[in-house]
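The structure appears right after this line, and notes come after that.
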Amino acid sequence: MVATDLDGTFLRDDHSISPRNLEALHRLGERNIVRVAATGRNLKKVREVINEHVPFDFVVFSSGAGVFNWRNNEHVFMQNIAKESATNLMQYFIQQGLNFHAFYPIPENHKHYFFRGNEACEEFERYFNFNRAHSAEIDRDSVPESELCQFLLIIRENTTEFLQIKEQIETMCPETRVIRTSSPITNGYIWIEIFHKSVSKGNGVNEICKRIGISKEETLGLGNDYNDFDLLEFTALSFLTGNAPDEIKTRFPLLPTNENDAFAFSVDHLIR
């Protein structure tokens, strides 16, 4: 199995697919090597950049909250945050005056609630403008009570603040885990993603391995950011792209950047 992140890894910066990367996917298929896209995108947003003819076999979406059989067009796994924890977190973020989005449970998690916090945030508004067609504003006096797929908090680049928020959330709701992601929209912001504690790209890929009988020793992973660590720590052979943040480049072997066919280079490493 080969599992790759999409944005900043398999895709170019303009979200297109290079001819070499597409050809590499076909080469893997010819050798019966399972091809997995493992992404933070929800399934609707995956379809905006990957059409049905791009030959992936599975998509691990929303950072592992769901697994989709791309060839058979069916959901095979999903994990949402339980209603009690989701409601408690929503109320806490409102009390703290944080800017956040809260996403409907899978399979409707392209829809989301939003709350504008005490401090105006340009990055929050940019994300909201991209996704306003599927959004609903939260009434602080009547928060929705349901399972949720995930939360997204947006803060300015501040590692100390991120770690404090992470500790507070995971202490309050041990059922959850917190993931740091570099903003794909604007430099200088941290996206804080909150999922059920069992959710990760690595666990999503492992779910596929268990279902079709692939051992961990037969896996290769490729990513470019903090939220790919779970994937790269699971796969036996793991790489970062050359466009990864400088502070994490020593974590795994480096390949060229996403603009220079990193995925195809990883396939070349596998198939000689």
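Chain labels A, B, ... are given in the sequence in which chains occur in the structure tokens; within each chain residues are numbered consecutively from 1, and ligands are likewise numbered from 1 in the order shown.
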Legend entry - Those in stretch 77-196 of chain A with helix (DSSP H, G or I) from DSSP, as a ChimeraX atom specification: /A:83-96,122-134,159-172
Inset, instruction - Name all residues at most 7 Å from stretch 80-88 of chain A (count only C-alpha atoms; drop same-chain ones fewer than 4 positions away) and give them as a ChimeraX atom specification. - result: /A:65,92,105-106,145-150,173,195-196
Inset, instruction - Write down as an NGL selection string the residues belonging to stretch 8-256 of chain A that are assigned strand (DSSP E) by DSSP computed on the backbone. - result: :A and (35-38 or 58-61 or 66-69 or 74-78 or 100-103 or 112-115 or 135-137 or 150-156 or 176-182 or 189-196 or 220-223 or 237-240)
Inset, instruction - Can you work out which one of A:Arg27, A:Leu89, A:Lys197, A:Leu231 has the shortest atom-to-atom distance to A:Met172, counting only C-alpha atoms? - result: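 Checking each candidate against A:Met172, we get A:Leu89 as the closest.
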Inset, instruction - Write out as a list in words the residues lying within 10 Å of A:Lys201, counting only C-alpha atoms and excluding same-chain residues fewer than 2 positions away. - result: Ala3, Thr4, Asp5, Ala37, Ala38, Thr39, Gly40, Val60, Phe61, Ser62, Ser63, Gly64, Ala65, Gly66, Val67, Ser198, Val199, Asn203, Gly204, Val205, Asn206, Glu207, Asn227, Asp228, Phe229, Asp230, Leu231, Leu232 and Phe234 of chain A
Inset, instruction - Compare A:Ser238, A:Thr219, A:Asn224, A:Gln79 by their minimum atom-to-atom distance to A:Val2, counting only C-alpha atoms, and give me the closest one. - result: A:Thr219
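Going from atom CA of A:Asn118 over to atom CA of A:Ile94, you cover 9.2 Å.
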Inset, instruction - Excluding A:Phe162 and residues on its chain fewer than 3 positions from it, collect all residues at most 12 Å away from it, counting only C-alpha atoms, and give them as a PyMOL selection string. - result: chain A and resi 153-159+165-169+178-182+189-193
Inset, instruction - For A:Thr9, please output as a VMD selection string all residues within 7 Å (counting only C-alpha atoms; exclusion window: fewer than 6 positions along the same chain). - result: chain A and resid 223 to 224 241 258 262 to 263
Inset, instruction - Determine, counting only C-alpha atoms, which protein, DNA and RNA residues have an atom within 6 Å of an atom of A:Ala102; residues of the same chain fewer than 4 positions away are not included. Present the result as a ChimeraX atom specification. - result: /A:112-113,151
Inset, instruction - Please measure the separation of atom CA of A:Ile185 and atom CA of A:Leu254, giving the value in Å to one decimal. - result: 23.5 Å
